[in-house]
Amino acid sequence: MNFMPLFLAAAASLAMAPLLATNARGAVGDIYETNEGNVLRFRLIGGTPGTYSSGFSSPKGIVFDGRGHFYVADAGKNSIIVFTLPDVEGGTFANGLSSPVGLAFNASGILFAAEAGSGNIISFPPDGTKATFATGLTGPAGIAFDPSGNLFVADFTAGTVFKFTAAGAKSTFATGLKLPAGVAVDNAGNVFVSESGSGTIFKFAPDGTKTSFVTGLNRPYGLAFDASGNLVVADNGAGATLLFAPDATKTTVFSSKFNTPQFVAVEPAPHQLLNVSTRGLVMTGDNVLIAGFVVGGTGPVGTNVVVRALGPSLTALGIANSLADPTLELRDSSGTLVASNDDWKDTQETILSATTLQPTNDKESAIYIPLHGGAYTAIVRGVNSTGTALVEVYNLQ
């Protein structure tokens with residue numbers, strides 16, 4: 001079998017002018033694909049894709065953050081380009097890289113890039129500061145995070161998938177593969193790997209158990225999941241963009257002998273939250289103040305929120321019998337404790353002050369946290385006290 005190179009090791013960084021995006025307004029669920037020097041967008045199954053943007057040298061990995069942006073790794077120009085939907089111009093997010101290929105966000109909003117030229121994994125926090133997360137790989141390509149924050153890297157040259165913990169500890173997750181290219185992780189933590197050398201997509205359970213999910217493809221590269229749990233596949237050798245249901249039933253999104261798909265991404269629903277404010281009487285035992293709220297969206301990066309529990313400061317507003325010392329719990333839809341706080345200055349004083357939403361009384365509680373789509377409950381209790389409290393949830397973006 002003849003293998004086309006998955007990545008291009010460029011010799012030097014090239015300057016990049018902003019890229020012009022045509023037909024810029026997308027929709028949730030649209031499939032984006034890097035292809036030759038372009039990014040294509042698919043609106044309908046079986047329909048002809050439109051060119052979203054052009055002018056790339058060798059575009060590879062593509063990823064959305066769920067906050068209205070998507071990023072493209074241009075291996076030929078050693079750059080990462082960012083687009084802000086629905087703006088029509090893309091700009092340089094980072095340059096001076098060494099043939100970037102795979103891109104992925106962790107839950108904290110840090111962008112990770114696999115450099116095929118250097119064998120490094122580079123990270124970019126929200127402020128854009130560049131740092132080296134891992135070194136010593138030979139040809140890293142696709143990368144993806146699991147729900148627990150572990151990073152999986154397909155090392156195309158080494159025939160291995162490596163696993164990195166959030167702290168950077170490295171282990172071998174799977175080996176003996178034939179040119180593994182793409183990686184995607186479903187909501188249950190199953191890891192899917194495209195083996196471009198055999199035309200197979202393997203499914204690895206969280207414990208590492210390996211099964212064949214799909215066979216008979218022709219050089220599959222990039223993988224991505226949509227919100228319904230369908231796996232989107234860029235089958236480079238077949239010139240096809242494919243969609244596989246969880247039971248492996250195949251749908252052809254687009255196929256053409258002129259098509260050269262590389263990596264794919266699916267536009268997520270943006271995270272949204274309306275500000276919430278609830279006042280009530282907090283007594284003893286289970287007689288607590290509860291505020292339920294829902295965060296929408298399916299992107300990998302959550303929306304930042306501040307949850308506050310106010311008590312003593314309510315006195316100045318003319319509210320009698322205010323709760324002297326509120327505590328705050330934040331739980332998800334399963335009842336699992338996500339975060340908690342008693343006095344707001346205890347753990348997050350700096351970041352809360354930066355939002356200007358910090359409580360005015362040191363005994364009041366607050367939590368700053370990025371939240372993904374789902375239902376949440378804020379619970380206010382009193383520390384050896386009863387009285388009226390106010391719970392508030394603010395969306396920061």
# chains A, B, ... in the order shown; residues from 1 in each chain; ligands from 1
$ select_by_dssp --residues "region 88-240 of chain A" --states "strand (DSSP E)" --output "MDAnalysis selection string"
chainID A and resid 89:94 100:105 111:115 120:124 131:134 140:145 151:155 160:164 170:174 180:185 191:195 200:204 210:214 220:225 231:235 240
$ closest_residue --among "A:Ala107, A:Ala158, A:Val266, A:Leu337" --to "Gly302 (chain A)" --atoms "only C-alpha atoms"
A:Ala107
$ closest_residue --among "A:His69, A:Asp343, A:Leu317, A:Phe152" --to "Glu89 (chain A)" --atoms "only C-alpha atoms"
A:His69
$ select_by_dssp --residues "region 164-347 of chain A" --states "helix (DSSP H, G or I)" --output "list in words"
Pro312, Ser313, Leu314, Thr315, Ala316 and Leu317 of chain A
$ residues_around --residues "Asn190 (chain A)" --least-positions-apart "5" --cutoff "6 Å" --atoms "only C-alpha atoms" --output "PyMOL selection string"
chain A and resi 185+204-206
$ write_last_selection --atoms "N, CA and C atoms" --output "CSV table (one decimal), in the first residue's frame"
chain,number,residue,atom,x,y,z
A,185,VAL,N,-12.5,10.6,21.5
A,185,VAL,CA,-12.9,10.0,22.7
A,185,VAL,C,-14.4,10.3,22.9
A,204,PHE,N,-11.0,1.4,21.8
A,204,PHE,CA,-10.3,1.0,23.1
A,204,PHE,C,-11.2,1.4,24.2
A,205,ALA,N,-11.6,0.4,25.0
A,205,ALA,CA,-12.4,0.7,26.3
A,205,ALA,C,-11.4,1.4,27.2
A,206,PRO,N,-12.0,2.1,28.2
A,206,PRO,CA,-11.1,2.8,29.2
A,206,PRO,C,-10.1,1.9,29.8
$ residues_around --residues "Leu357 (chain A)" --least-positions-apart "3" --cutoff "9 Å" --atoms "only C-alpha atoms" --output "PyMOL selection string"
chain A and resi 306+308+352-354+360+366+394
$ closest_atom_pairs --of "region 302-374 of chain A" --to "region 272-294 of chain A" --cutoff "12 Å" --atoms "only C-alpha atoms" --output "Markdown table"
| residue | atom | partner | partner_atom | distance |
| --- | --- | --- | --- | --- |
| A:Gly302 | CA | A:Gln272 | CA | 9.4 |
| A:Thr303 | CA | A:Gln272 | CA | 7.3 |
| A:Asn304 | CA | A:Leu273 | CA | 9.7 |
| A:Val305 | CA | A:Leu273 | CA | 8.6 |
| A:Val306 | CA | A:Asn275 | CA | 9.7 |
| A:Val307 | CA | A:Val276 | CA | 9.1 |
| A:Arg308 | CA | A:Ser277 | CA | 9.4 |
| A:Ala309 | CA | A:Leu289 | CA | 9.6 |
| A:Leu310 | CA | A:Arg279 | CA | 9.3 |
| A:Gly311 | CA | A:Arg279 | CA | 9.9 |
| A:Leu314 | CA | A:Arg279 | CA | 10.4 |
| A:Ile319 | CA | A:Arg279 | CA | 10.6 |
| A:Ala320 | CA | A:Leu281 | CA | 11.0 |
| A:Asn321 | CA | A:Leu281 | CA | 9.2 |
| A:Ser322 | CA | A:Leu281 | CA | 8.6 |
| A:Leu323 | CA | A:Val282 | CA | 7.3 |
| A:Ala324 | CA | A:Val282 | CA | 10.5 |
| A:Asp325 | CA | A:Val282 | CA | 10.8 |
| A:Pro326 | CA | A:Val282 | CA | 8.9 |
| A:Thr327 | CA | A:Val288 | CA | 10.4 |
| A:Leu328 | CA | A:Leu289 | CA | 9.7 |
| A:Glu329 | CA | A:Ile290 | CA | 9.7 |
| A:Leu330 | CA | A:Ala291 | CA | 9.7 |
| A:Arg331 | CA | A:Gly292 | CA | 9.5 |
| A:Asp332 | CA | A:Gly292 | CA | 9.7 |
| A:Ser333 | CA | A:Val294 | CA | 9.5 |
| A:Gly335 | CA | A:Gly292 | CA | 11.8 |
| A:Pro370 | CA | A:Leu273 | CA | 11.7 |
| A:Leu371 | CA | A:Val294 | CA | 9.9 |
| A:His372 | CA | A:Gln272 | CA | 9.5 |
| A:Gly373 | CA | A:Val294 | CA | 7.4 |
| A:Gly374 | CA | A:Val294 | CA | 5.7 |
$ write_last_selection --atoms "N, CA and C atoms" --output "compact mmCIF listing (two decimals), in the first residue's frame"
# COMPACT_ATOMS: atom_id res chain seq x y z
N GLY A 302 -15.79 24.84 28.71
CA GLY A 302 -17.01 25.30 29.37
C GLY A 302 -17.10 26.81 29.43
N THR A 303 -18.27 27.30 29.82
CA THR A 303 -18.45 28.72 30.04
C THR A 303 -18.11 29.05 31.50
N ASN A 304 -17.42 30.16 31.72
CA ASN A 304 -17.02 30.54 33.08
C ASN A 304 -18.19 31.18 33.82
N VAL A 305 -18.43 30.71 35.01
CA VAL A 305 -19.50 31.26 35.83
C VAL A 305 -18.98 31.60 37.21
N VAL A 306 -19.65 32.51 37.87
CA VAL A 306 -19.43 32.82 39.28
C VAL A 306 -20.73 32.55 40.02
N VAL A 307 -20.67 31.73 41.05
CA VAL A 307 -21.82 31.44 41.91
C VAL A 307 -21.55 32.09 43.26
N ARG A 308 -22.49 32.88 43.77
CA ARG A 308 -22.32 33.58 45.04
C ARG A 308 -23.43 33.22 46.00
N ALA A 309 -23.08 33.15 47.28
CA ALA A 309 -24.05 32.99 48.36
C ALA A 309 -23.87 34.17 49.31
N LEU A 310 -24.84 35.07 49.35
CA LEU A 310 -24.74 36.29 50.14
C LEU A 310 -25.65 36.22 51.36
N GLY A 311 -25.21 36.81 52.45
CA GLY A 311 -25.97 36.85 53.69
C GLY A 311 -25.78 38.15 54.41
N LEU A 314 -26.71 41.60 52.95
CA LEU A 314 -28.11 41.90 52.65
C LEU A 314 -28.72 42.87 53.66
N ILE A 319 -32.83 44.03 54.36
CA ILE A 319 -33.36 42.69 54.58
C ILE A 319 -33.01 42.27 56.00
N ALA A 320 -34.04 42.07 56.80
CA ALA A 320 -33.82 41.70 58.19
C ALA A 320 -33.51 40.21 58.30
N ASN A 321 -32.87 39.83 59.40
CA ASN A 321 -32.59 38.43 59.69
C ASN A 321 -31.77 37.76 58.57
N SER A 322 -30.73 38.44 58.08
CA SER A 322 -29.89 37.87 57.03
C SER A 322 -29.03 36.75 57.60
N LEU A 323 -28.67 35.79 56.76
CA LEU A 323 -27.85 34.65 57.17
C LEU A 323 -26.44 35.12 57.49
N ALA A 324 -25.97 34.86 58.70
CA ALA A 324 -24.70 35.43 59.17
C ALA A 324 -23.49 34.81 58.48
N ASP A 325 -23.54 33.51 58.17
CA ASP A 325 -22.34 32.84 57.63
C ASP A 325 -22.78 31.76 56.64
N PRO A 326 -23.02 32.13 55.38
CA PRO A 326 -23.47 31.14 54.39
C PRO A 326 -22.33 30.27 53.87
N THR A 327 -22.65 29.03 53.56
CA THR A 327 -21.72 28.16 52.83
C THR A 327 -22.39 27.76 51.52
N LEU A 328 -21.58 27.39 50.55
CA LEU A 328 -22.08 27.16 49.20
C LEU A 328 -21.58 25.83 48.66
N GLU A 329 -22.49 25.05 48.08
CA GLU A 329 -22.14 23.83 47.37
C GLU A 329 -22.66 23.93 45.94
N LEU A 330 -21.89 23.37 45.00
CA LEU A 330 -22.33 23.28 43.61
C LEU A 330 -22.30 21.82 43.21
N ARG A 331 -23.45 21.30 42.78
CA ARG A 331 -23.56 19.88 42.41
C ARG A 331 -24.09 19.76 40.98
N ASP A 332 -23.68 18.64 40.31
CA ASP A 332 -24.15 18.41 38.95
C ASP A 332 -25.46 17.64 38.97
N SER A 333 -25.93 17.21 37.79
CA SER A 333 -27.25 16.59 37.69
C SER A 333 -27.33 15.24 38.39
N GLY A 335 -25.92 14.73 41.30
CA GLY A 335 -25.76 15.01 42.72
C GLY A 335 -24.32 15.04 43.18
N PRO A 370 -15.38 26.97 35.39
CA PRO A 370 -15.91 26.73 34.05
C PRO A 370 -16.84 25.52 34.07
N LEU A 371 -18.02 25.65 33.49
CA LEU A 371 -19.00 24.57 33.49
C LEU A 371 -19.38 24.19 32.07
N HIS A 372 -19.49 22.89 31.84
CA HIS A 372 -19.94 22.38 30.55
C HIS A 372 -21.47 22.25 30.55
N GLY A 373 -22.00 21.90 29.39
CA GLY A 373 -23.44 21.77 29.27
C GLY A 373 -24.00 20.77 30.25
N GLY A 374 -25.10 21.13 30.92
CA GLY A 374 -25.74 20.24 31.88
C GLY A 374 -26.54 21.00 32.90
$ atom_distance --atom1 "CA of Ser79 (chain A)" --atom2 "CA of Pro268 (chain A)"
23.4 Å
$ residues_around --residues "Gly199 (chain A)" --least-positions-apart "4" --cutoff "6 Å" --atoms "only C-alpha atoms" --output "PyMOL selection string"
chain A and resi 195+216-219
$ residues_around --residues "Phe124 (chain A)" --least-positions-apart "2" --cutoff "12 Å" --atoms "only C-alpha atoms" --output "ChimeraX atom specification"
/A:80,93-95,103-106,108-114,121-122,126-133
$ closest_atom_pairs --of "region 30-86 of chain A" --to "region 231-237 of chain A" --cutoff "12 Å" --atoms "only C-alpha atoms" --output "tab-separated table"
residue	atom	partner	partner_atom	distance
A:Asp30	CA	A:Val232	CA	11.1
A:Ile31	CA	A:Val232	CA	8.3
A:Tyr32	CA	A:Val232	CA	10.2
A:Glu33	CA	A:Ala234	CA	7.8
A:Thr34	CA	A:Ala234	CA	9.2
A:Asn35	CA	A:Asn236	CA	9.2
A:Glu36	CA	A:Asn236	CA	10.8
A:Leu40	CA	A:Ala234	CA	12.0
A:Phe42	CA	A:Val232	CA	11.7
A:Ile45	CA	A:Val232	CA	11.7
A:Lys60	CA	A:Ala234	CA	11.2
A:Gly61	CA	A:Ala234	CA	11.4
$ atom_distance --atom1 "CA of Asn361 (chain A)" --atom2 "CA of Asn395 (chain A)"
21.4 Å
$ atom_distance --atom1 "CA of Thr260 (chain A)" --atom2 "CA of Asn230 (chain A)"
21.2 Å
